[in-house]
file structure-v2.txt (compact mmCIF, C-alpha atoms)
# COMPACT_ATOMS: atom_id res chain seq x y z
CA MET K 1 18.31 -8.46 -24.84
CA THR K 2 18.34 -10.39 -21.56
CA ARG K 3 15.99 -13.17 -20.56
CA LEU K 4 15.57 -13.69 -16.81
CA LYS K 5 13.68 -16.20 -14.74
CA LEU K 6 11.77 -15.66 -11.51
CA ASP K 7 10.37 -18.47 -9.41
CA CYS K 8 7.59 -17.32 -7.10
CA LYS K 9 6.37 -20.77 -6.11
CA GLY K 10 5.63 -21.02 -2.40
CA LEU K 11 4.92 -17.30 -2.13
CA GLY K 12 1.44 -16.02 -1.30
CA CYS K 13 -0.31 -12.80 -2.28
CA PRO K 14 0.96 -10.07 -2.33
CA PHE K 15 4.53 -11.44 -2.45
CA PRO K 16 4.50 -12.70 -6.08
CA ILE K 17 3.45 -9.41 -7.68
CA ILE K 18 5.86 -7.50 -5.44
CA LYS K 19 8.81 -9.68 -6.43
CA ILE K 20 7.78 -9.51 -10.08
CA ALA K 21 7.52 -5.71 -9.95
CA GLU K 22 10.95 -5.52 -8.29
CA GLN K 23 12.49 -7.58 -11.09
CA ILE K 24 10.79 -5.54 -13.79
CA GLN K 25 12.32 -2.34 -12.40
CA LYS K 26 15.73 -3.83 -13.18
CA LEU K 27 14.91 -4.71 -16.80
CA LYS K 28 15.72 -2.68 -19.90
CA THR K 29 13.50 -2.26 -22.96
CA GLY K 30 13.24 -5.52 -24.85
CA ASP K 31 14.25 -7.72 -21.91
CA LEU K 32 12.09 -10.73 -21.09
CA LEU K 33 11.11 -12.16 -17.71
CA ASP K 34 9.71 -15.68 -17.28
CA ILE K 35 7.79 -16.12 -14.06
CA GLU K 36 6.28 -19.10 -12.34
CA ALA K 37 3.90 -18.95 -9.38
CA ASP K 38 1.53 -21.30 -7.56
CA ASP K 39 -0.53 -18.59 -5.83
CA SER K 40 -4.16 -18.62 -7.05
CA ALA K 41 -4.31 -14.83 -7.44
CA CYS K 42 -1.41 -14.66 -9.88
CA GLN K 43 -3.39 -15.60 -12.96
CA LEU K 44 -5.29 -12.30 -12.85
CA ASP K 45 -2.79 -10.23 -10.84
CA ILE K 46 -0.13 -10.58 -13.52
CA ARG K 47 -2.10 -8.22 -15.78
CA ALA K 48 -1.06 -5.40 -13.46
CA VAL K 49 2.32 -5.34 -15.19
CA GLU K 50 0.62 -4.13 -18.36
CA ILE K 51 -1.48 -1.56 -16.52
CA PHE K 52 1.17 -0.14 -14.20
CA MET K 53 4.58 -1.00 -15.53
CA ASN K 54 4.49 -0.50 -19.29
CA CYS K 55 5.12 -4.17 -20.02
CA LYS K 56 3.59 -6.65 -22.42
CA LEU K 57 2.35 -10.06 -21.35
CA VAL K 58 3.77 -12.15 -24.16
CA ASN K 59 2.37 -15.38 -22.81
CA VAL K 60 0.31 -16.56 -19.84
CA SER K 61 -0.50 -20.21 -19.16
CA VAL K 62 -2.15 -21.96 -16.25
CA GLU K 63 -1.62 -25.66 -15.49
CA GLY K 64 -3.45 -26.73 -12.37
CA LYS K 65 -2.07 -24.50 -9.63
CA ILE K 66 0.92 -23.20 -11.57
CA THR K 67 0.75 -19.92 -13.46
CA LYS K 68 3.52 -19.30 -15.98
CA ALA K 69 3.97 -16.02 -17.80
CA THR K 70 6.49 -14.26 -20.02
CA ILE K 71 6.72 -10.51 -19.57
CA GLU K 72 8.39 -8.17 -22.05
CA LYS K 73 9.56 -4.75 -20.92
CA LYS K 74 8.52 -2.18 -23.52
CA MET C 1 -10.22 48.36 -32.30
CA PRO C 2 -7.76 46.60 -34.64
CA ALA C 3 -8.47 42.91 -35.37
CA GLU C 4 -6.37 40.36 -33.50
CA SER C 5 -3.19 39.59 -35.37
CA ILE C 6 -2.15 36.04 -36.24
CA GLU C 7 0.75 36.43 -33.83
CA ASP C 8 -1.60 37.33 -30.96
CA LYS C 9 -3.81 34.38 -31.74
CA ILE C 10 -0.83 32.03 -31.82
CA ALA C 11 0.42 33.46 -28.54
CA LYS C 12 -2.97 32.81 -26.91
CA LEU C 13 -3.08 29.27 -28.27
CA GLU C 14 0.44 28.61 -27.00
CA ASN C 15 -0.58 29.80 -23.53
CA THR C 16 -3.67 27.61 -23.54
CA VAL C 17 -1.66 24.58 -24.67
CA ALA C 18 0.90 25.26 -21.91
CA SER C 19 -1.84 25.38 -19.21
CA LEU C 20 -3.49 22.26 -20.55
CA THR C 21 -0.16 20.41 -20.61
CA GLN C 22 0.44 21.45 -17.00
CA TYR C 23 -3.02 20.21 -16.04
CA VAL C 24 -2.50 16.82 -17.76
CA GLU C 25 0.87 16.37 -16.04
CA ALA C 26 -0.75 17.11 -12.67
CA GLN C 27 -3.53 14.60 -13.42
CA LYS C 28 -1.00 11.91 -14.34
CA GLU C 29 0.76 12.53 -11.03
CA LYS C 30 -2.55 12.27 -9.21
CA ASP C 31 -3.52 9.06 -10.99
CA ASN C 32 -0.41 7.46 -9.57
CA HIS C 33 -1.24 8.25 -5.96
CA LEU C 34 -3.08 6.06 -3.41
CA THR C 35 -4.38 7.07 0.01
CA ILE C 36 -5.88 4.69 2.55
CA ILE C 37 -7.50 5.94 5.76
CA LEU C 38 -7.66 3.29 8.50
CA ILE C 39 -10.01 3.70 11.43
CA SER C 40 -9.99 0.00 12.28
CA ASN C 41 -7.36 -1.87 14.22
CA ASP C 42 -8.72 -5.28 13.24
CA TYR C 43 -6.03 -7.67 12.06
CA ASP C 44 -7.82 -8.59 8.84
CA LYS C 45 -8.46 -4.96 7.93
CA LEU C 46 -4.85 -4.05 8.63
CA LEU C 47 -3.74 -6.88 6.37
CA LEU C 48 -5.98 -5.56 3.61
CA ALA C 49 -4.72 -1.99 3.96
CA PHE C 50 -1.06 -2.94 4.11
CA SER C 51 -1.30 -5.52 1.29
CA MET C 52 -2.86 -2.93 -1.00
CA ALA C 53 -0.37 -0.25 0.05
CA VAL C 54 2.67 -2.47 -0.47
CA THR C 55 1.39 -3.76 -3.82
CA ALA C 56 0.69 -0.22 -5.05
CA ALA C 57 4.10 1.04 -3.94
CA SER C 58 5.84 -1.90 -5.65
CA LEU C 59 4.00 -1.06 -8.86
CA GLY C 60 5.38 2.47 -8.70
CA MET C 61 2.58 4.39 -7.00
CA LYS C 62 3.02 6.98 -4.27
CA VAL C 63 1.19 5.74 -1.19
CA ALA C 64 0.02 7.35 2.04
CA LEU C 65 -1.52 5.41 4.93
CA ILE C 66 -3.51 7.45 7.43
CA PHE C 67 -4.38 6.00 10.84
CA THR C 68 -7.10 7.40 13.08
CA PHE C 69 -8.74 6.29 16.37
CA TRP C 70 -8.21 2.56 16.85
CA GLY C 71 -6.11 2.37 13.70
CA ILE C 72 -3.34 4.20 15.56
CA CYS C 73 -2.72 0.99 17.56
CA ALA C 74 -1.02 -0.36 14.45
CA LEU C 75 1.62 2.36 14.75
CA LYS C 76 2.49 1.77 18.39
CA ASP C 77 6.13 0.91 18.99
CA LYS C 78 6.24 -1.87 21.58
CA ASN C 79 9.60 -0.59 22.84
CA LYS C 80 8.40 2.91 23.64
CA LYS C 81 6.18 3.72 26.62
CA ASP C 82 5.35 7.05 28.23
CA PRO C 83 3.95 7.19 31.77
CA ARG C 84 0.13 7.36 31.77
CA LYS C 85 -1.34 10.66 32.77
CA SER C 86 -4.77 9.53 33.89
CA ILE C 87 -6.81 6.52 34.95
CA ILE C 88 -8.64 6.61 31.62
CA GLY C 89 -5.31 6.66 29.82
CA LYS C 90 -4.17 3.64 31.80
CA LEU C 91 -7.41 1.78 31.10
CA MET C 92 -7.29 2.54 27.37
CA SER C 93 -3.70 1.40 27.15
CA PHE C 94 -4.55 -1.80 28.93
CA MET C 95 -7.58 -2.62 26.80
CA LEU C 96 -6.13 -1.80 23.38
CA PRO C 97 -3.48 -3.76 21.42
CA SER C 98 -0.01 -2.50 22.34
CA ASN C 99 1.45 -3.10 18.88
CA ILE C 100 0.42 -4.35 15.45
CA GLU C 101 0.99 -8.04 16.21
CA GLN C 102 -1.51 -7.90 19.06
CA THR C 103 -4.43 -6.93 16.86
CA LYS C 104 -7.31 -9.35 16.45
CA LEU C 105 -9.58 -10.56 13.64
CA SER C 106 -12.76 -8.54 13.22
CA LYS C 107 -14.76 -11.77 13.24
CA MET C 108 -14.16 -15.24 14.66
CA ASN C 109 -11.42 -14.11 16.98
CA MET C 110 -12.75 -16.74 19.44
CA PHE C 111 -10.67 -15.52 22.40
CA GLY C 112 -7.58 -15.37 20.22
CA ILE C 113 -7.80 -18.87 18.77
CA GLY C 114 -9.26 -17.67 15.46
CA THR C 115 -6.56 -15.03 15.01
CA TRP C 116 -3.83 -17.55 15.86
CA MET C 117 -5.25 -20.06 13.33
CA MET C 118 -5.53 -17.40 10.63
CA LYS C 119 -1.88 -16.38 11.12
CA LYS C 120 -0.84 -20.04 10.91
CA LEU C 121 -2.86 -20.64 7.74
CA MET C 122 -1.47 -17.55 6.06
CA LYS C 123 2.08 -18.56 6.90
CA GLN C 124 1.42 -21.99 5.38
CA ASN C 125 0.24 -20.28 2.20
CA GLY C 126 3.44 -18.26 1.96
CA MET C 127 1.75 -14.95 2.74
CA PRO C 128 3.47 -12.18 4.69
CA SER C 129 2.63 -11.46 8.34
CA ILE C 130 1.41 -8.01 9.32
CA THR C 131 4.81 -7.22 10.84
CA GLU C 132 6.50 -8.18 7.56
CA LEU C 133 4.05 -6.00 5.65
CA LEU C 134 4.83 -3.08 7.97
CA GLN C 135 8.56 -3.59 7.34
CA MET C 136 7.94 -3.68 3.59
CA ALA C 137 5.88 -0.51 3.84
CA ASN C 138 8.85 1.26 5.46
CA ALA C 139 11.28 -0.15 2.91
CA LEU C 140 9.06 1.16 0.10
CA ASP C 141 8.88 4.67 1.61
CA ILE C 142 5.14 4.54 2.19
CA LYS C 143 4.04 7.62 4.12
CA LEU C 144 2.60 6.76 7.55
CA LEU C 145 0.40 9.47 9.05
CA ALA C 146 -1.41 9.46 12.40
CA CYS C 147 -4.39 11.52 13.44
CA ALA C 148 -2.99 13.93 16.04
CA PRO C 149 -6.13 14.52 18.14
CA THR C 150 -7.02 10.82 18.44
CA ILE C 151 -3.49 9.88 19.57
CA ASP C 152 -4.31 11.55 22.85
CA VAL C 153 -7.86 10.23 22.97
CA ILE C 154 -6.75 6.57 22.89
CA GLY C 155 -4.50 7.19 25.86
CA ILE C 156 -1.01 7.40 24.34
CA THR C 157 1.50 10.05 23.20
CA LYS C 158 3.22 10.63 19.84
CA ASN C 159 6.53 9.49 21.33
CA GLU C 160 5.14 5.99 21.62
CA LEU C 161 4.60 5.68 17.89
CA LEU C 162 7.07 4.24 15.39
CA SER C 163 9.72 6.71 14.31
CA GLY C 164 9.01 8.37 10.99
CA VAL C 165 5.29 8.67 11.68
CA GLU C 166 3.96 12.20 11.20
CA ALA C 167 0.83 13.51 12.87
CA GLY C 168 -1.80 15.67 11.22
CA GLY C 169 -5.48 16.51 11.37
CA SER C 170 -8.53 16.48 9.13
CA ALA C 171 -7.03 18.95 6.66
CA THR C 172 -3.92 16.79 6.23
CA PHE C 173 -6.00 13.72 5.43
CA LEU C 174 -8.24 15.66 3.11
CA SER C 175 -5.21 17.07 1.29
CA GLU C 176 -3.66 13.61 0.91
CA SER C 177 -6.94 12.23 -0.45
CA TYR C 178 -7.41 15.23 -2.74
CA LEU C 179 -3.99 14.66 -4.26
CA ALA C 180 -4.62 10.94 -4.71
CA GLY C 181 -6.33 9.29 -7.65
CA ILE C 182 -7.47 6.45 -5.39
CA SER C 183 -8.70 7.01 -1.86
CA TRP C 184 -10.14 4.38 0.48
CA VAL C 185 -11.39 4.18 4.05
CA ILE C 186 -10.96 0.87 5.84
call {"tool": "encode", "arguments": {"input": "structure-v2.txt", "output": "structure tokens"}}
result
Amino acid sequence: MTRLKLDCKGLGCPFPIIKIAEQIQKLKTGDLLDIEADDSACQLDIRAVEIFMNCKLVNVSVEGKITKATIEKK
Amino acid sequence: MPAESIEDKIAKLENTVASLTQYVEAQKEKDNHLTIILISNDYDKLLLAFSMAVTAASLGMKVALIFTFWGICALKDKNKKDPRKSIIGKLMSFMLPSNIEQTKLSKMNMFGIGTWMMKKLMKQNGMPSITELLQMANALDIKLLACAPTIDVIGITKNELLSGVEAGGSATFLSESYLAGISWVI
């Protein structure tokens, strides 16, 4: 089981979700991806990984402008 | 007439299940398909269309972008130019954007100042430019289709469009939309 990190700070919509989706394609079942973004859309956009990419959002937190999330590939 | 045997009944059920399975598979395929028809060549509307297309393709969907009338301006290749056949053709060419970067905001263009400010603001916010979005669309194998009859009507030829662009008519766009679970007109 691998745990990867992806920093999307400084990227604006739709870059963050595109980069996140790209990374998820490279994951295997059980792998985890920690992402960080400062784009205001990310908080809601991140749910797309559950809808489209068969992933589970293990954790999502928002502190000011920063959205942090842990994604598990199912 | 002899009553239907168990075997016959099972055979019928198996056939029905096979057709239903086929139908469900086709539906799943359709659900994963997005089509956007663009009639506008406004910068903001192009950004919307391309952002949605690129996001969908990144999330694994099959995407087709269809450009008609003014929308075809987004597909013009600035390095390709055919000689103009008529005065109207020349006028049209002169008055319309000659490539995607020359398109303007639908509102508050303010002689170009508004569009320039919007591009600056978006760059500051880390968002992609329309040219970058077009490059991403190509990298993600998004289908780019142009409306064949309106290519001529806006004063240009198919040779002046980006390579890889196919041209079709109303039936092509209808087919693409029919096969797509999501279909929008911008």
call {"tool": "closest_atom_pairs", "arguments": {"input": "structure-v2.txt", "of": "chain C", "to": "chain K", "cutoff": "7 Å", "atoms": "all atoms listed in the file", "output": "JSON lines"}}
result
{"residue": "C:Ser51", "atom": "CA", "partner": "K:Pro14", "partner_atom": "CA", "distance": 6.2}
{"residue": "C:Thr55", "atom": "CA", "partner": "K:Ile18", "partner_atom": "CA", "distance": 6.0}
{"residue": "C:Ser58", "atom": "CA", "partner": "K:Ile18", "partner_atom": "CA", "distance": 5.6}
{"residue": "C:Leu59", "atom": "CA", "partner": "K:Ala21", "partner_atom": "CA", "distance": 5.9}
{"residue": "C:Asn125", "atom": "CA", "partner": "K:Gly12", "partner_atom": "CA", "distance": 5.6}
{"residue": "C:Gly126", "atom": "CA", "partner": "K:Gly12", "partner_atom": "CA", "distance": 4.4}
{"residue": "C:Met127", "atom": "CA", "partner": "K:Gly12", "partner_atom": "CA", "distance": 4.2}
call {"tool": "atom_distance", "arguments": {"input": "structure-v2.txt", "atom1": "CA of Ile36 (chain C)", "atom2": "CA of Glu176 (chain C)"}}
result
9.3 Å
call {"tool": "atom_distance", "arguments": {"input": "structure-v2.txt", "atom1": "CA of Gln135 (chain C)", "atom2": "CA of Lys68 (chain K)"}}
result
28.6 Å
call {"tool": "atom_distance", "arguments": {"input": "structure-v2.txt", "atom1": "CA of Lys119 (chain C)", "atom2": "CA of Ala53 (chain C)"}}
result
19.6 Å
call {"tool": "closest_residue", "arguments": {"input": "structure-v2.txt", "among": "K:Asp34, K:Val60, K:Lys28, K:Asp45", "to": "Leu4 (chain K)", "atoms": "only C-alpha atoms"}}
result
K:Asp34
call {"tool": "axis_aligned_box", "arguments": {"input": "structure-v2.txt", "around": "region 36-51 of chain K", "padding_each_side": "8 Å", "output": "lines of an AutoDock Vina configuration file"}}
result
center_x = 0.5
center_y = -11.4
center_z = -12.1
size_x = 27.6
size_y = 35.7
size_z = 28.5
call {"tool": "closest_residue", "arguments": {"input": "structure-v2.txt", "among": "C:Lys62, C:Lys78, C:Lys158, C:Lys143", "to": "Phe173 (chain C)", "atoms": "all atoms listed in the file"}}
result
C:Lys143
call {"tool": "residues_near_point", "arguments": {"input": "structure-v2.txt", "point": "(-9.6, 1.7, 17.4)", "cutoff": "8 Å", "atoms": "only C-alpha atoms", "output": "list of chain:residue names"}}
result
C:Ile39, C:Ser40, C:Asn41, C:Thr68, C:Phe69, C:Trp70, C:Gly71, C:Ile72, C:Cys73, C:Leu96, C:Ile154
call {"tool": "write_last_selection", "arguments": {"input": "structure-v2.txt", "atoms": "C-alpha atoms", "output": "PDB file, in the frame of the given file"}}
result
ATOM      1  CA  ILE C  39     -10.010   3.700  11.430  1.00  0.00           C
ATOM      2  CA  SER C  40      -9.990   0.000  12.280  1.00  0.00           C
ATOM      3  CA  ASN C  41      -7.360  -1.870  14.220  1.00  0.00           C
ATOM      4  CA  THR C  68      -7.100   7.400  13.080  1.00  0.00           C
ATOM      5  CA  PHE C  69      -8.740   6.290  16.370  1.00  0.00           C
ATOM      6  CA  TRP C  70      -8.210   2.560  16.850  1.00  0.00           C
ATOM      7  CA  GLY C  71      -6.110   2.370  13.700  1.00  0.00           C
ATOM      8  CA  ILE C  72      -3.340   4.200  15.560  1.00  0.00           C
ATOM      9  CA  CYS C  73      -2.720   0.990  17.560  1.00  0.00           C
ATOM     10  CA  LEU C  96      -6.130  -1.800  23.380  1.00  0.00           C
ATOM     11  CA  ILE C 154      -6.750   6.570  22.890  1.00  0.00           C
TER      12      ILE C 154
END
call {"tool": "residues_near_point", "arguments": {"input": "structure-v2.txt", "point": "(-9.2, -13.6, 13.8)", "cutoff": "12 Å", "atoms": "all atoms listed in the file", "output": "list in words"}}
result
Asn41, Asp42, Tyr43, Asp44, Lys45, Leu46, Leu47, Glu101, Gln102, Thr103, Lys104, Leu105, Ser106, Lys107, Met108, Asn109, Met110, Phe111, Gly112, Ile113, Gly114, Thr115, Trp116, Met117, Met118, Lys119, Lys120, Leu121 and Met122 of chain C
call {"tool": "write_last_selection", "arguments": {"input": "structure-v2.txt", "atoms": "C-alpha atoms", "output": "CSV table (one decimal), in the frame of the given file"}}
result
chain,number,residue,atom,x,y,z
C,41,ASN,CA,-7.4,-1.9,14.2
C,42,ASP,CA,-8.7,-5.3,13.2
C,43,TYR,CA,-6.0,-7.7,12.1
C,44,ASP,CA,-7.8,-8.6,8.8
C,45,LYS,CA,-8.5,-5.0,7.9
C,46,LEU,CA,-4.8,-4.0,8.6
C,47,LEU,CA,-3.7,-6.9,6.4
C,101,GLU,CA,1.0,-8.0,16.2
C,102,GLN,CA,-1.5,-7.9,19.1
C,103,THR,CA,-4.4,-6.9,16.9
C,104,LYS,CA,-7.3,-9.4,16.4
C,105,LEU,CA,-9.6,-10.6,13.6
C,106,SER,CA,-12.8,-8.5,13.2
C,107,LYS,CA,-14.8,-11.8,13.2
C,108,MET,CA,-14.2,-15.2,14.7
C,109,ASN,CA,-11.4,-14.1,17.0
C,110,MET,CA,-12.8,-16.7,19.4
C,111,PHE,CA,-10.7,-15.5,22.4
C,112,GLY,CA,-7.6,-15.4,20.2
C,113,ILE,CA,-7.8,-18.9,18.8
C,114,GLY,CA,-9.3,-17.7,15.5
C,115,THR,CA,-6.6,-15.0,15.0
C,116,TRP,CA,-3.8,-17.6,15.9
C,117,MET,CA,-5.2,-20.1,13.3
C,118,MET,CA,-5.5,-17.4,10.6
C,119,LYS,CA,-1.9,-16.4,11.1
C,120,LYS,CA,-0.8,-20.0,10.9
C,121,LEU,CA,-2.9,-20.6,7.7
C,122,MET,CA,-1.5,-17.6,6.1
call {"tool": "closest_residue", "arguments": {"input": "structure-v2.txt", "among": "C:Ser183, C:Thr21, C:Asn32, C:Ser93", "to": "Val153 (chain C)", "atoms": "all atoms listed in the file"}}
result
C:Ser93
call {"tool": "decode", "arguments": {"input": "structure-v2.txt", "residues": "region 97-108 of chain C", "atoms": "all heavy atoms", "output": "compact mmCIF listing (two decimals), in the first residue's frame"}}
result
# COMPACT_ATOMS: atom_id res chain seq x y z
N PRO C 97 -12.62 36.87 -34.89
CA PRO C 97 -11.32 36.50 -34.30
C PRO C 97 -10.60 35.51 -35.19
O PRO C 97 -11.22 34.61 -35.76
CB PRO C 97 -11.70 35.85 -32.97
CG PRO C 97 -13.11 36.13 -32.73
CD PRO C 97 -13.74 36.56 -34.00
N SER C 98 -9.28 35.67 -35.35
CA SER C 98 -8.55 34.78 -36.26
C SER C 98 -7.99 33.55 -35.56
O SER C 98 -7.45 32.66 -36.19
CB SER C 98 -7.43 35.53 -36.97
OG SER C 98 -6.48 35.92 -36.01
N ASN C 99 -8.09 33.49 -34.23
CA ASN C 99 -7.75 32.27 -33.51
C ASN C 99 -8.31 32.41 -32.09
O ASN C 99 -8.83 33.46 -31.72
CB ASN C 99 -6.26 32.00 -33.49
CG ASN C 99 -5.50 33.01 -32.66
OD1 ASN C 99 -5.46 32.94 -31.45
ND2 ASN C 99 -4.90 33.99 -33.32
N ILE C 100 -8.20 31.35 -31.32
CA ILE C 100 -8.89 31.30 -30.03
C ILE C 100 -8.46 32.38 -29.04
O ILE C 100 -9.25 32.85 -28.22
CB ILE C 100 -8.78 29.87 -29.44
CG1 ILE C 100 -9.92 29.58 -28.48
CG2 ILE C 100 -7.41 29.65 -28.81
CD1 ILE C 100 -10.03 28.13 -28.08
N GLU C 101 -7.19 32.81 -29.14
CA GLU C 101 -6.72 33.84 -28.20
C GLU C 101 -7.30 35.21 -28.48
O GLU C 101 -7.28 36.09 -27.64
CB GLU C 101 -5.19 33.92 -28.20
CG GLU C 101 -4.49 33.00 -27.22
CD GLU C 101 -4.85 33.19 -25.74
OE1 GLU C 101 -5.43 34.23 -25.35
OE2 GLU C 101 -4.57 32.28 -24.96
N GLN C 102 -7.83 35.39 -29.69
CA GLN C 102 -8.38 36.69 -30.06
C GLN C 102 -9.86 36.85 -29.71
O GLN C 102 -10.48 37.84 -30.08
CB GLN C 102 -8.18 36.92 -31.56
CG GLN C 102 -6.77 37.32 -31.90
CD GLN C 102 -6.70 37.93 -33.28
OE1 GLN C 102 -7.72 38.15 -33.93
NE2 GLN C 102 -5.50 38.19 -33.73
N THR C 103 -10.42 35.86 -29.04
CA THR C 103 -11.84 35.97 -28.71
C THR C 103 -12.03 36.91 -27.52
O THR C 103 -11.10 37.14 -26.75
CB THR C 103 -12.42 34.57 -28.39
OG1 THR C 103 -11.60 33.94 -27.40
CG2 THR C 103 -12.44 33.71 -29.63
N LYS C 104 -13.24 37.46 -27.43
CA LYS C 104 -13.50 38.49 -26.43
C LYS C 104 -14.58 38.05 -25.44
O LYS C 104 -15.43 37.23 -25.76
CB LYS C 104 -13.97 39.77 -27.11
CG LYS C 104 -12.98 40.31 -28.14
CD LYS C 104 -13.51 41.56 -28.78
CE LYS C 104 -13.95 41.25 -30.21
NZ LYS C 104 -14.09 42.44 -31.03
N LEU C 105 -14.59 38.70 -24.26
CA LEU C 105 -15.62 38.44 -23.27
C LEU C 105 -16.99 38.78 -23.84
O LEU C 105 -17.11 39.70 -24.65
CB LEU C 105 -15.40 39.30 -22.02
CG LEU C 105 -14.23 38.95 -21.10
CD1 LEU C 105 -14.19 39.93 -19.95
CD2 LEU C 105 -14.36 37.53 -20.58
N SER C 106 -18.01 38.04 -23.40
CA SER C 106 -19.36 38.32 -23.90
C SER C 106 -19.91 39.60 -23.30
O SER C 106 -20.80 40.24 -23.85
CB SER C 106 -20.29 37.15 -23.57
OG SER C 106 -20.44 37.01 -22.18
N LYS C 107 -19.39 39.97 -22.13
CA LYS C 107 -19.81 41.22 -21.50
C LYS C 107 -18.57 41.93 -21.00
O LYS C 107 -17.58 41.27 -20.67
CB LYS C 107 -20.71 40.95 -20.29
CG LYS C 107 -22.06 40.39 -20.62
CD LYS C 107 -22.90 40.39 -19.36
CE LYS C 107 -24.11 39.48 -19.38
NZ LYS C 107 -24.61 38.98 -20.62
N MET C 108 -18.63 43.24 -20.89
CA MET C 108 -17.56 44.04 -20.30
C MET C 108 -16.24 43.89 -21.05
O MET C 108 -15.18 43.96 -20.44
CB MET C 108 -17.35 43.66 -18.82
CG MET C 108 -18.65 43.61 -18.05
SD MET C 108 -18.59 44.56 -16.56
CE MET C 108 -17.61 43.50 -15.53
